[in-house]
Amino acid sequence: MRTLVRTGLVRSVGFMAPGQARMVVEEPATASAAQPGQFLEIDCTPAADGECARSASLRAPFLRRPISFCNVDRVAGTFTLAFRVSGAGTDALSRFRTGDRLSFLGPLGHGFTLPATGTCLAVGGGIGVYPLLHLLRAARERGLGTAAVCGYRSPEEAFLLDEFREVSDRTFFASDSGGLDFTGHAGAALEAFLASQTPAGPVTVLTCGPFPMMRAVAGLCARQGHACQVSLEERMGCGTGICLVCACKVRSLERGEPEYRRCCTEGPVFDAREVVWE
Amino acid sequence: MRTLVRTGLVRSVGFMAPGQARMVVEEPATASAAQPGQFLEIDCTPAADGECARSASLRAPFLRRPISFCNVDRVAGTFTLAFRVSGAGTDALSRFRTGDRLSFLGPLGHGFTLPATGTCLAVGGGIGVYPLLHLLRAARERGLGTAAVCGYRSPEEAFLLDEFREVSDRTFFASDSGGLDFTGHAGAALEAFLASQTPAGPVTVLTCGPFPMMRAVAGLCARQGHACQVSLEERMGCGTGICLVCACKVRSLERGEPEYRRCCTEGPVFDAREVVWE
Amino acid sequence: MSTTPDLTVRIGAVVLKNPVIAASGTFGFGREMADVFDLSQLGGICSKGVTPEPRVGNPPPRVAETASGMLNSVGLQNPGLERFVSEELPFMKSLGTVVIANIAGNTVEDYQAMCRRLDATDVDAIELNLSCPNVKEGCMAFGSTPTGVAGLVRAVRPMTRKPLWVKLTPNTGDIRETSIAAEASGADAVSLVNTLLGMAIDIRTRRPVLRNNTGGLSGPAIKPVALRMVHEAYQAVGIPIVGMGGILTGEDAIEFLLAGATAVQVGTANLVNPLACQDIMDAMFRYAKEIGLERIADLTGALRIW
Amino acid sequence: MSTTPDLTVRIGAVVLKNPVIAASGTFGFGREMADVFDLSQLGGICSKGVTPEPRVGNPPPRVAETASGMLNSVGLQNPGLERFVSEELPFMKSLGTVVIANIAGNTVEDYQAMCRRLDATDVDAIELNLSCPNVKEGCMAFGSTPTGVAGLVRAVRPMTRKPLWVKLTPNTGDIRETSIAAEASGADAVSLVNTLLGMAIDIRTRRPVLRNNTGGLSGPAIKPVALRMVHEAYQAVGIPIVGMGGILTGEDAIEFLLAGATAVQVGTANLVNPLACQDIMDAMFRYAKEIGLERIADLTGALRIW
Ligand SMILES: Cc1cc2nc3c(=O)[nH]c(=O)nc-3n(C[C@H](O)[C@H](O)[C@H](O)COP(=O)(O)OP(=O)(O)OC[C@H]3O[C@@H](n4cnc5c(N)ncnc54)[C@H](O)[C@@H]3O)c2cc1C
Ligand SMILES: Cc1cc2nc3c(=O)[nH]c(=O)nc-3n(C[C@H](O)[C@H](O)[C@H](O)COP(=O)(O)OP(=O)(O)OC[C@H]3O[C@@H](n4cnc5c(N)ncnc54)[C@H](O)[C@@H]3O)c2cc1C
Ligand SMILES: Cc1cc2nc3c(=O)[nH]c(=O)nc-3n(C[C@H](O)[C@H](O)[C@H](O)COP(=O)(O)O)c2cc1C
Ligand SMILES: Cc1cc2nc3c(=O)[nH]c(=O)nc-3n(C[C@H](O)[C@H](O)[C@H](O)COP(=O)(O)O)c2cc1C
Ligand code: FES
Ligand code: FES
């Protein structure tokens, strides 16, 4: 039997930037199992020890929230979640305190597929940068080349820069309002980056961020002949594949017909060629 | 305008006995205003600063919970709540931590009326003993005689004994299972106590506890000619008098007809002669 | 509050300062809150349900908490129409806001007589409660079918020149049909919705928690259903809709306006937050200001369905 | 689990190990949970709603969180009856528990054809879904009136010897009437209730959150309504009732039994707690043991109303 419901110990909670929270959780089995691009379905109220479903009147908010692995430390048995406070759930999550118990399901979903050789070029926009940190660390551990192109709204809202530098052979930080390596969004930054650099070996682009940005990235990769994987986002019910609410429109590479696939199970990461960009 | 919605600072939370919690809250205006027998309507999720109604998805449990003042320290600007963990609300409340903010309405309700002279004889059973502590302290401050008859299930579940000794001229502790001053419930204990003692001046009995116990106490007082006030309990919606769900059946001393009065506003304390004991 | 954005709304001839009305049964007759905040700021106050004769109401327990909501079985405890008119209405009218009398009866004649009596008062509007689930006779029985609604409203309409708001029950197969019946029979507005009929059980005693066995479900739990019904009714009738059901925040209220409500009533929220109406008015004002809206009335029905 | 207390319940000819069934649409076809806990322990599994032809379902967003509940507008995404029979049913039957096929169609003929086809399979029972609020034609239209229910069930009954469970909608004026219609037309059981039709609005975009505009409300928010309907239906019909709506814990499930359900289905709870069914079965067992109950079936209808 597969253990799907787990409880971890909150090691720390804090803000990296206004509205951008980070939580470190200890749960060794989860840290060992976590693959880049996978996520957890998180209960946003602190759990009593071992408890999963509390009585209805205490589930607030009601549904769990999907959050990706941002960083994983297998040795310490911990993982980091980074998230934007954007509603009731993430707000409640940001109010957890050291010592609280966190109930979650996972690791869930089909994450990024690391190439056998060459360079992993991670392209992120906004909160989409978070899962890329874990991805690049994993790529480096496999001996692959690593590069990061990250787009932020402004330098004040640019987070994790040092962490990205640590795991990347090259970094290229963009800001909509200037003040970093490049002025403009991540898609444009990628174009500039690829024009100026020739990464080692075949390039695999792995991207996460706003839909229009990922569309631009996918288009560029198609034109330049790079493999491209995209991490899609859809509202979820279960995260485990049983409720079918997280429909993503994709076109099967074999069958060609657009169809709905589950973001939580067949995704969140898809081959960019499959995605229906509408 | 009257300030009804207040937020206090939780100074400490702990357990006095298994399932019996105690919380000290700092809010000077409330501590000054609190009258014995009054209560607060408490929001069982920690409040963000100053916040009262949070979004629907974060109200858990939904309704507030009525809890009486157990002790008040006007100098420190604090008050103590003591409560039994008996469901979702009190459970959530017991998980508050020092530094949390507590949202409440109050002080609410019509409390005990202290007599001008003589002795206040407080008779409590189970969690009904809690509000009597505040009552006896207030009586003593007014220079009245004070006596406490408290009934517990067992000596292990007997709490606040020292606190009661501190504010009472005489105490008489009863336990259903023996091991204290008297074996039996609080009603029987009162009878034994009155048989063995002659408190100074006219006796006013003030009682809070299980309905059958209070009925016994009220009956004894009627027979022996003591004034008696009882604190009734009813499920509440608002605590402020607007919803009419907290109906207590009482018989107006003038009109004589049984009618429903609001436990939260006309009560919780009623003259024992008014109560319809059914 | 400044005059822009303009929060005024009109329910037929009745002009409200803003769209927020304290709902029937959750604000008494305004007395308990009169020294808690300035009630003259309210769009309106709707009285507790009034019946021809005084009613003692149902035996307790009358309340059961549920997930994000509550069940009540108050059973229209009220002092009766005469004492309402002589003691409560003058006080309510003194508050400086629009006063709506919520009335309920067992028979058509009850409603007729009450409307005739209220016609001679200075009440601003009458809300016909055809939807109380907590009394044995009448009331919800009238409100659950189009013919019941039509028959009652038609009989009552000639009794008064006061605006008639018809409060309908969500315990029905199609809210459009009962709303259309109300409009066709002369209602000036429909109030949507009253409580959903519900039950809670104590597994220890094997008894319903409520002494009345069932009760009316209110609060955030019912908001999705109420909002859908307001949206449906808005597409079916031309008279204004007073929307309610689970409104706790300004955002909730705006959702109801977008779905088609001209004004909203705030009920259960007052129980957990006595300042709910004020907080909601403030939040609506801020919202309108932020998005540069000139008139809040422009939000009514502005939902763009897919 | 030991054999006392006896958790077995009977829905007509179908014997369930215990009263807990995973509800349609919230457990897939059992594949995702087959390695999460031992599904052979379940009372039963009800399939996702199956239609004659494959359906892609509605466009996203298909889910909106609400207070203590959720709205869904999946729209019966499923592989169609043939692939269900050839690919999913054999797997489900291999799990060692009772398998119920939930079916939905646009026309009477759709239901007839599906029942005929399923009659030739080893499915244990057929649940006629007359209550899906998320598809344009058929389905809920049949289930919202007594005549609709009667017409459909009567037409379908001769097509199969399998037990027929009729799943009814709470979006109706009187659940007793639709339940009686189902019983009178040959249903072996009624399943109560499907989702309440609801709506959620994004005030920023002024759009419904769901791309389908409306959706079905499920979860604890609807429990009081579902429980009341089970209680009403229990007093009106003699066939067994499969109760559901907001069950999250063993206590919730026992409330439904007391109200009159013979078995329960657990839906939305599976989404927030994949072990919900197991936790509920365990809690029911413990409860029965604690109070010295010999047979859980004795709880059905044991509510003592006031
Ligand atoms: C696979 C996956 C991984 C994610 N990883 C991260 C991450 O690492 N860091 C991070 O900041 N965010 C991440 N998100 C987005 C995150 O799930 C949402 O920001 C969060 O659910 C919002 O919840 P809320 O209660 O704060 O907001 P609310 O708006 O109150 O949420 C209401 C409902 O909508 C859903 N919802 C709202 N916004 C989104 C969204 N953008 N995506 C999916 N569902 C949404 C919520 O889950 C909830 O059900 C991820 C989303 C997905 C699908
Ligand atoms: C005026 C007044 C003063 C009180 N003071 C105290 C006190 O000082 N210490 C203390 O331990 N308890 C006190 N109680 C009882 C206390 O309010 C309940 O124990 C508490 O509400 C239970 O909530 P829960 O969520 O833990 O239980 P649940 O059973 O989950 O509550 C469900 C619902 O029932 C209501 N409810 C349940 N039990 C009671 C009850 N006994 N009385 C009233 N409502 C109830 C709750 O308020 C809630 O609405 C007082 C009650 C009243 C009316
Ligand atoms: C305690 C209580 C008493 C109520 N009494 C009445 C009433 O007398 N007349 C009436 O029309 N509605 C009555 N209602 C219904 C409310 O006015 C309102 O329609 C319903 O509660 C839904 O709104 P809400 O969710 O904001 O409370 C009552 C509701 C509650 C909670
Ligand atoms: C995501 C989702 C999908 C559903 N799909 C179906 C379905 O295909 N057929 C059906 O009869 N009911 C379906 N339902 C309704 C459930 O089976 C159940 O009747 C309802 O959700 C109430 O129970 P609950 O509150 O325990 O979820 C679905 C419910 C949800 C939440
Ligand atoms: S979220 Fe339930 S199937 Fe994907
Ligand atoms: S609790 Fe609302 S009137 Fe007493």
# chains A, B, ... in the order shown; residues from 1 in each chain; ligands from 1
$ residues_around --residues "B:Phe62" --least-positions-apart "4" --cutoff "8 Å" --atoms "only C-alpha atoms" --output "list in words"
Ser57 of chain A; Glu65, Thr66, Ala67, Ser68, Gly69 and Val272 of chain C
$ closest_atom_pairs --of "chain C" --to "ligand 2" --cutoff "12 Å" --atoms "only C-alpha atoms and all ligand atoms" --output "Markdown table"
| residue | atom | partner | partner_atom_place_in_ligand_line | distance |
| --- | --- | --- | --- | --- |
| C:Pro60 | CA | ligand 2 | 44 (N) | 11.5 |
| C:Pro61 | CA | ligand 2 | 44 (N) | 9.5 |
| C:Arg62 | CA | ligand 2 | 34 (O) | 10.6 |
| C:Val63 | CA | ligand 2 | 49 (O) | 7.5 |
| C:Ala64 | CA | ligand 2 | 33 (C) | 6.1 |
| C:Glu65 | CA | ligand 2 | 49 (O) | 5.1 |
| C:Thr66 | CA | ligand 2 | 32 (C) | 8.3 |
| C:Ala67 | CA | ligand 2 | 32 (C) | 10.5 |
| C:Ser68 | CA | ligand 2 | 49 (O) | 11.6 |
| C:Gly69 | CA | ligand 2 | 49 (O) | 10.3 |
| C:Met70 | CA | ligand 2 | 49 (O) | 8.5 |
| C:Leu71 | CA | ligand 2 | 49 (O) | 10.2 |
| C:Asn72 | CA | ligand 2 | 49 (O) | 11.3 |
| C:Ala200 | CA | ligand 2 | 32 (C) | 10.9 |
| C:Ile201 | CA | ligand 2 | 32 (C) | 11.6 |
| C:Asp202 | CA | ligand 2 | 29 (O) | 9.6 |
| C:Ile203 | CA | ligand 2 | 29 (O) | 11.8 |
| C:Arg204 | CA | ligand 2 | 29 (O) | 11.5 |
| C:Val209 | CA | ligand 2 | 34 (O) | 9.1 |
| C:Leu210 | CA | ligand 2 | 34 (O) | 10.8 |
| C:Leu271 | CA | ligand 2 | 49 (O) | 11.7 |
| C:Val272 | CA | ligand 2 | 49 (O) | 11.2 |
$ select_by_dssp --residues "stretch 106-185 of chain B" --states "helix (DSSP H, G or I)" --output "MDAnalysis selection string"
chainID B and resid 126:141 155:157 161:167
$ closest_residue --among "B:Gly125, B:Pro258, B:Pro199, B:Gly239" --to "ligand 3" --atoms "only C-alpha atoms and all ligand atoms"
B:Gly239
$ closest_atom_pairs --of "chain D" --to "chain C" --cutoff "7 Å" --atoms "only C-alpha atoms" --output "JSON lines"
{"residue": "D:Ala67", "atom": "CA", "partner": "C:Ala221", "partner_atom": "CA", "distance": 5.5}
{"residue": "D:Ser68", "atom": "CA", "partner": "C:Ser68", "partner_atom": "CA", "distance": 5.9}
{"residue": "D:Ser144", "atom": "CA", "partner": "C:Gly173", "partner_atom": "CA", "distance": 6.9}
{"residue": "D:Asn171", "atom": "CA", "partner": "C:Gly173", "partner_atom": "CA", "distance": 5.6}
{"residue": "D:Thr172", "atom": "CA", "partner": "C:Gly173", "partner_atom": "CA", "distance": 3.8}
{"residue": "D:Gly173", "atom": "CA", "partner": "C:Thr172", "partner_atom": "CA", "distance": 3.9}
{"residue": "D:Leu197", "atom": "CA", "partner": "C:Val225", "partner_atom": "CA", "distance": 6.2}
{"residue": "D:Gly198", "atom": "CA", "partner": "C:Val225", "partner_atom": "CA", "distance": 4.3}
{"residue": "D:Met199", "atom": "CA", "partner": "C:Pro224", "partner_atom": "CA", "distance": 4.8}
{"residue": "D:Ala200", "atom": "CA", "partner": "C:Pro224", "partner_atom": "CA", "distance": 5.8}
{"residue": "D:Ile201", "atom": "CA", "partner": "C:Glu255", "partner_atom": "CA", "distance": 5.8}
{"residue": "D:Ile203", "atom": "CA", "partner": "C:Glu255", "partner_atom": "CA", "distance": 6.1}
{"residue": "D:Arg206", "atom": "CA", "partner": "C:Leu303", "partner_atom": "CA", "distance": 5.1}
{"residue": "D:Arg207", "atom": "CA", "partner": "C:Arg304", "partner_atom": "CA", "distance": 5.3}
{"residue": "D:Pro208", "atom": "CA", "partner": "C:Ile305", "partner_atom": "CA", "distance": 6.3}
{"residue": "D:Arg211", "atom": "CA", "partner": "C:Trp306", "partner_atom": "CA", "distance": 6.2}
{"residue": "D:Asn212", "atom": "CA", "partner": "C:Trp306", "partner_atom": "CA", "distance": 7.0}
{"residue": "D:Asn213", "atom": "CA", "partner": "C:Ile305", "partner_atom": "CA", "distance": 6.3}
{"residue": "D:Pro220", "atom": "CA", "partner": "C:Ala67", "partner_atom": "CA", "distance": 5.9}
{"residue": "D:Ala221", "atom": "CA", "partner": "C:Ala221", "partner_atom": "CA", "distance": 4.8}
{"residue": "D:Pro224", "atom": "CA", "partner": "C:Gly198", "partner_atom": "CA", "distance": 4.5}
{"residue": "D:Val225", "atom": "CA", "partner": "C:Gly198", "partner_atom": "CA", "distance": 4.4}
{"residue": "D:Leu227", "atom": "CA", "partner": "C:Met199", "partner_atom": "CA", "distance": 6.0}
{"residue": "D:Arg228", "atom": "CA", "partner": "C:Met199", "partner_atom": "CA", "distance": 4.9}
{"residue": "D:Ile254", "atom": "CA", "partner": "C:Ile203", "partner_atom": "CA", "distance": 6.9}
{"residue": "D:Glu255", "atom": "CA", "partner": "C:Ile201", "partner_atom": "CA", "distance": 5.9}
{"residue": "D:Leu303", "atom": "CA", "partner": "C:Arg206", "partner_atom": "CA", "distance": 5.1}
{"residue": "D:Arg304", "atom": "CA", "partner": "C:Arg207", "partner_atom": "CA", "distance": 5.3}
{"residue": "D:Ile305", "atom": "CA", "partner": "C:Arg207", "partner_atom": "CA", "distance": 5.9}
{"residue": "D:Trp306", "atom": "CA", "partner": "C:Arg211", "partner_atom": "CA", "distance": 6.1}
$ write_last_selection --atoms "N, CA, C and O atoms" --output "CSV table (one decimal), in the first residue's frame"
chain,number,residue,atom,x,y,z
D,67,ALA,N,-18.0,27.8,1.3
D,67,ALA,CA,-17.9,27.6,2.7
D,67,ALA,C,-18.3,26.2,3.1
D,67,ALA,O,-19.5,25.8,2.8
D,68,SER,N,-17.4,25.4,3.6
D,68,SER,CA,-17.7,24.0,4.0
D,68,SER,C,-18.2,23.2,2.9
D,68,SER,O,-19.0,22.2,3.1
D,144,SER,N,-36.5,15.8,-11.3
D,144,SER,CA,-37.0,16.9,-10.4
D,144,SER,C,-38.6,16.8,-10.2
D,144,SER,O,-39.1,17.6,-9.4
D,171,ASN,N,-32.9,19.4,-5.6
D,171,ASN,CA,-33.5,20.6,-6.2
D,171,ASN,C,-34.9,20.4,-6.6
D,171,ASN,O,-35.3,20.4,-7.8
D,172,THR,N,-35.7,20.1,-5.6
D,172,THR,CA,-37.1,19.8,-5.8
D,172,THR,C,-38.0,20.3,-4.7
D,172,THR,O,-37.4,20.5,-3.6
D,173,GLY,N,-39.2,20.5,-4.9
D,173,GLY,CA,-40.1,21.0,-3.8
D,173,GLY,C,-40.4,20.0,-2.7
D,173,GLY,O,-40.5,20.3,-1.6
D,197,LEU,N,-28.0,22.6,-6.8
D,197,LEU,CA,-27.5,23.5,-7.8
D,197,LEU,C,-27.1,24.9,-7.2
D,197,LEU,O,-27.8,25.5,-6.4
D,198,GLY,N,-25.9,25.3,-7.5
D,198,GLY,CA,-25.3,26.5,-6.9
D,198,GLY,C,-24.5,27.3,-7.8
D,198,GLY,O,-24.2,26.9,-9.0
D,199,MET,N,-24.0,28.4,-7.3
D,199,MET,CA,-23.2,29.3,-8.2
D,199,MET,C,-22.2,30.1,-7.3
D,199,MET,O,-22.4,30.3,-6.1
D,200,ALA,N,-21.1,30.4,-7.9
D,200,ALA,CA,-20.1,31.3,-7.2
D,200,ALA,C,-19.6,32.3,-8.2
D,200,ALA,O,-19.5,32.0,-9.4
D,201,ILE,N,-19.4,33.5,-7.7
D,201,ILE,CA,-19.0,34.6,-8.6
D,201,ILE,C,-17.7,35.2,-8.2
D,201,ILE,O,-17.4,35.4,-7.1
D,203,ILE,N,-15.9,38.5,-8.2
D,203,ILE,CA,-16.3,39.9,-8.3
D,203,ILE,C,-15.3,40.7,-9.1
D,203,ILE,O,-15.6,41.8,-9.6
D,206,ARG,N,-16.3,39.6,-12.7
D,206,ARG,CA,-17.7,39.7,-12.9
D,206,ARG,C,-18.2,38.4,-13.6
D,206,ARG,O,-19.2,38.5,-14.4
D,207,ARG,N,-17.5,37.3,-13.4
D,207,ARG,CA,-17.8,36.1,-14.1
D,207,ARG,C,-18.2,35.0,-13.1
D,207,ARG,O,-17.6,35.1,-12.0
D,208,PRO,N,-19.0,34.1,-13.4
D,208,PRO,CA,-19.1,32.9,-12.6
D,208,PRO,C,-17.7,32.2,-12.5
D,208,PRO,O,-17.0,32.2,-13.5
D,211,ARG,N,-16.8,27.7,-15.3
D,211,ARG,CA,-17.0,28.0,-16.8
D,211,ARG,C,-18.4,27.6,-17.2
D,211,ARG,O,-18.9,28.1,-18.2
D,212,ASN,N,-19.0,26.6,-16.5
D,212,ASN,CA,-20.3,26.2,-16.8
D,212,ASN,C,-21.4,27.1,-16.1
D,212,ASN,O,-22.6,26.7,-16.1
D,213,ASN,N,-21.0,28.2,-15.5
D,213,ASN,CA,-21.8,29.1,-14.8
D,213,ASN,C,-22.3,28.6,-13.5
D,213,ASN,O,-22.2,29.2,-12.4
D,220,PRO,N,-20.0,19.2,3.5
D,220,PRO,CA,-20.7,19.4,4.8
D,220,PRO,C,-21.7,20.5,4.8
D,220,PRO,O,-22.7,20.4,5.5
D,221,ALA,N,-21.6,21.5,3.9
D,221,ALA,CA,-22.5,22.6,3.9
D,221,ALA,C,-23.9,22.0,3.6
D,221,ALA,O,-24.9,22.6,4.1
D,224,PRO,N,-27.2,19.3,6.5
D,224,PRO,CA,-28.5,19.4,7.2
D,224,PRO,C,-29.7,19.2,6.2
D,224,PRO,O,-30.7,18.7,6.6
D,225,VAL,N,-29.5,19.6,5.0
D,225,VAL,CA,-30.6,19.5,4.0
D,225,VAL,C,-30.7,18.0,3.6
D,225,VAL,O,-31.9,17.5,3.5
D,227,LEU,N,-29.9,15.4,5.2
D,227,LEU,CA,-30.4,14.6,6.4
D,227,LEU,C,-31.9,14.8,6.5
D,227,LEU,O,-32.6,13.8,6.8
D,228,ARG,N,-32.3,16.0,6.4
D,228,ARG,CA,-33.8,16.2,6.4
D,228,ARG,C,-34.5,15.5,5.3
D,228,ARG,O,-35.6,14.9,5.6
D,254,ILE,N,-23.6,7.9,10.9
D,254,ILE,CA,-24.6,7.4,11.8
D,254,ILE,C,-25.8,8.3,11.9
D,254,ILE,O,-27.0,7.8,12.0
D,255,GLU,N,-25.6,9.6,11.8
D,255,GLU,CA,-26.8,10.5,11.7
D,255,GLU,C,-27.7,10.1,10.5
D,255,GLU,O,-28.9,10.1,10.6
D,303,LEU,N,-34.1,7.1,14.8
D,303,LEU,CA,-34.3,8.5,15.3
D,303,LEU,C,-35.6,8.6,16.1
D,303,LEU,O,-36.6,8.1,15.6
D,304,ARG,N,-35.5,9.2,17.2
D,304,ARG,CA,-36.8,9.4,18.0
D,304,ARG,C,-37.1,10.9,17.8
D,304,ARG,O,-36.5,11.7,18.5
D,305,ILE,N,-38.1,11.2,17.0
D,305,ILE,CA,-38.4,12.6,16.8
D,305,ILE,C,-39.2,13.1,18.1
D,305,ILE,O,-39.7,12.3,18.8
D,306,TRP,N,-39.1,14.4,18.3
D,306,TRP,CA,-39.7,15.0,19.4
D,306,TRP,C,-41.2,15.0,19.2
D,306,TRP,O,-41.7,15.2,18.1
$ atom_distance --atom1 "atom CA of D:Ser218" --atom2 "atom CA of D:Leu42"
21.5 Å
$ residues_around --residues "B:Asp271" --least-positions-apart "2" --cutoff "10 Å" --atoms "only C-alpha atoms" --output "PDB file with C-alpha atoms, in the first residue's frame"
ATOM      1  CA  PHE B 112     -25.925  37.770  39.625  1.00  0.00           C
ATOM      2  CA  THR B 113     -27.370  40.491  41.849  1.00  0.00           C
ATOM      3  CA  LEU B 206     -26.408  31.802  43.980  1.00  0.00           C
ATOM      4  CA  ALA B 218     -33.919  26.064  44.423  1.00  0.00           C
ATOM      5  CA  ALA B 227     -33.296  34.003  48.333  1.00  0.00           C
ATOM      6  CA  CYS B 228     -31.953  32.072  45.362  1.00  0.00           C
ATOM      7  CA  GLN B 229     -30.584  33.082  41.962  1.00  0.00           C
ATOM      8  CA  VAL B 230     -29.858  30.521  39.281  1.00  0.00           C
ATOM      9  CA  SER B 231     -27.689  30.780  36.202  1.00  0.00           C
ATOM     10  CA  VAL B 250     -39.735  31.416  33.066  1.00  0.00           C
ATOM     11  CA  SER B 252     -43.050  36.238  35.433  1.00  0.00           C
ATOM     12  CA  LEU B 253     -43.470  36.955  39.126  1.00  0.00           C
ATOM     13  CA  GLY B 267     -30.538  35.938  31.763  1.00  0.00           C
ATOM     14  CA  VAL B 269     -29.217  34.590  35.868  1.00  0.00           C
ATOM     15  CA  ARG B 273     -38.889  31.528  41.799  1.00  0.00           C
ATOM     16  CA  GLU B 274     -39.311  32.522  38.146  1.00  0.00           C
ATOM     17  CA  VAL B 275     -37.800  29.421  36.627  1.00  0.00           C
TER      18      VAL B 275
END
$ residues_around --residues "stretch 155-162 of chain B" --least-positions-apart "3" --cutoff "12 Å" --atoms "only C-alpha atoms" --output "number ranges by chain"
B: 15-22, 70-71, 82-84, 124-134, 148-152, 165-168, 170-184
$ interface_residues --of "chain A" --to "chain D" --cutoff "8 Å" --atoms "only C-alpha atoms" --output "VMD selection string"
chain A and resid 1 to 5 52 to 53 55 to 57 59 to 64 234 to 248 259 to 260
$ residues_around --residues "A:Leu220" --least-positions-apart "6" --cutoff "9 Å" --atoms "only C-alpha atoms" --output "list in words"
Gly187, Leu190, Glu191 and His226 of chain A
$ residues_around --residues "D:Ala101" --least-positions-apart "5" --cutoff "9 Å" --atoms "only C-alpha atoms" --output "PDB file with N, CA and C atoms, in the first residue's frame"
ATOM      1  N   SER D  24     -20.543   8.063  -6.270  1.00  0.00           N
ATOM      2  CA  SER D  24     -20.283   8.281  -7.692  1.00  0.00           C
ATOM      3  C   SER D  24     -19.570   9.609  -7.940  1.00  0.00           C
ATOM      4  N   ILE D  45     -18.608   0.203  -4.039  1.00  0.00           N
ATOM      5  CA  ILE D  45     -18.072   1.324  -4.814  1.00  0.00           C
ATOM      6  C   ILE D  45     -19.075   1.649  -5.905  1.00  0.00           C
ATOM      7  N   CYS D  46     -19.380   2.911  -6.031  1.00  0.00           N
ATOM      8  CA  CYS D  46     -20.272   3.363  -7.083  1.00  0.00           C
ATOM      9  C   CYS D  46     -19.417   4.031  -8.152  1.00  0.00           C
ATOM     10  N   SER D  47     -19.625   3.654  -9.400  1.00  0.00           N
ATOM     11  CA  SER D  47     -18.782   4.181 -10.479  1.00  0.00           C
ATOM     12  C   SER D  47     -19.062   5.655 -10.725  1.00  0.00           C
ATOM     13  N   LYS D  48     -18.128   6.326 -11.344  1.00  0.00           N
ATOM     14  CA  LYS D  48     -18.373   7.640 -11.937  1.00  0.00           C
ATOM     15  C   LYS D  48     -19.558   7.487 -12.889  1.00  0.00           C
ATOM     16  N   GLY D  49     -20.358   8.530 -13.050  1.00  0.00           N
ATOM     17  CA  GLY D  49     -21.511   8.474 -13.948  1.00  0.00           C
ATOM     18  C   GLY D  49     -21.098   8.092 -15.363  1.00  0.00           C
ATOM     19  N   VAL D  50     -21.756   7.075 -15.890  1.00  0.00           N
ATOM     20  CA  VAL D  50     -21.428   6.573 -17.221  1.00  0.00           C
ATOM     21  C   VAL D  50     -22.575   6.912 -18.172  1.00  0.00           C
ATOM     22  N   LEU D  89     -15.260  -2.063 -15.480  1.00  0.00           N
ATOM     23  CA  LEU D  89     -16.070  -2.949 -14.650  1.00  0.00           C
ATOM     24  C   LEU D  89     -15.307  -4.196 -14.196  1.00  0.00           C
ATOM     25  N   LEU D 118     -26.135  -3.471 -19.280  1.00  0.00           N
ATOM     26  CA  LEU D 118     -25.562  -3.810 -17.968  1.00  0.00           C
ATOM     27  C   LEU D 118     -26.168  -5.084 -17.402  1.00  0.00           C
ATOM     28  N   VAL D 123     -22.307  -6.607 -12.873  1.00  0.00           N
ATOM     29  CA  VAL D 123     -22.456  -5.480 -11.965  1.00  0.00           C
ATOM     30  C   VAL D 123     -23.519  -5.844 -10.918  1.00  0.00           C
ATOM     31  N   ASP D 124     -23.354  -5.357  -9.685  1.00  0.00           N
ATOM     32  CA  ASP D 124     -24.269  -5.771  -8.616  1.00  0.00           C
ATOM     33  C   ASP D 124     -25.550  -4.961  -8.568  1.00  0.00           C
ATOM     34  N   ALA D 125     -25.479  -3.717  -8.989  1.00  0.00           N
ATOM     35  CA  ALA D 125     -26.676  -2.871  -8.982  1.00  0.00           C
ATOM     36  C   ALA D 125     -26.449  -1.709  -9.932  1.00  0.00           C
ATOM     37  N   ILE D 126     -27.552  -1.125 -10.356  1.00  0.00           N
ATOM     38  CA  ILE D 126     -27.479   0.034 -11.246  1.00  0.00           C
ATOM     39  C   ILE D 126     -28.079   1.224 -10.512  1.00  0.00           C
ATOM     40  N   GLU D 127     -27.325   2.318 -10.495  1.00  0.00           N
ATOM     41  CA  GLU D 127     -27.871   3.542  -9.907  1.00  0.00           C
ATOM     42  C   GLU D 127     -28.251   4.479 -11.051  1.00  0.00           C
ATOM     43  N   LEU D 128     -29.543   4.744 -11.178  1.00  0.00           N
ATOM     44  CA  LEU D 128     -30.015   5.659 -12.224  1.00  0.00           C
ATOM     45  C   LEU D 128     -29.802   7.079 -11.727  1.00  0.00           C
TER      46      LEU D 128
END
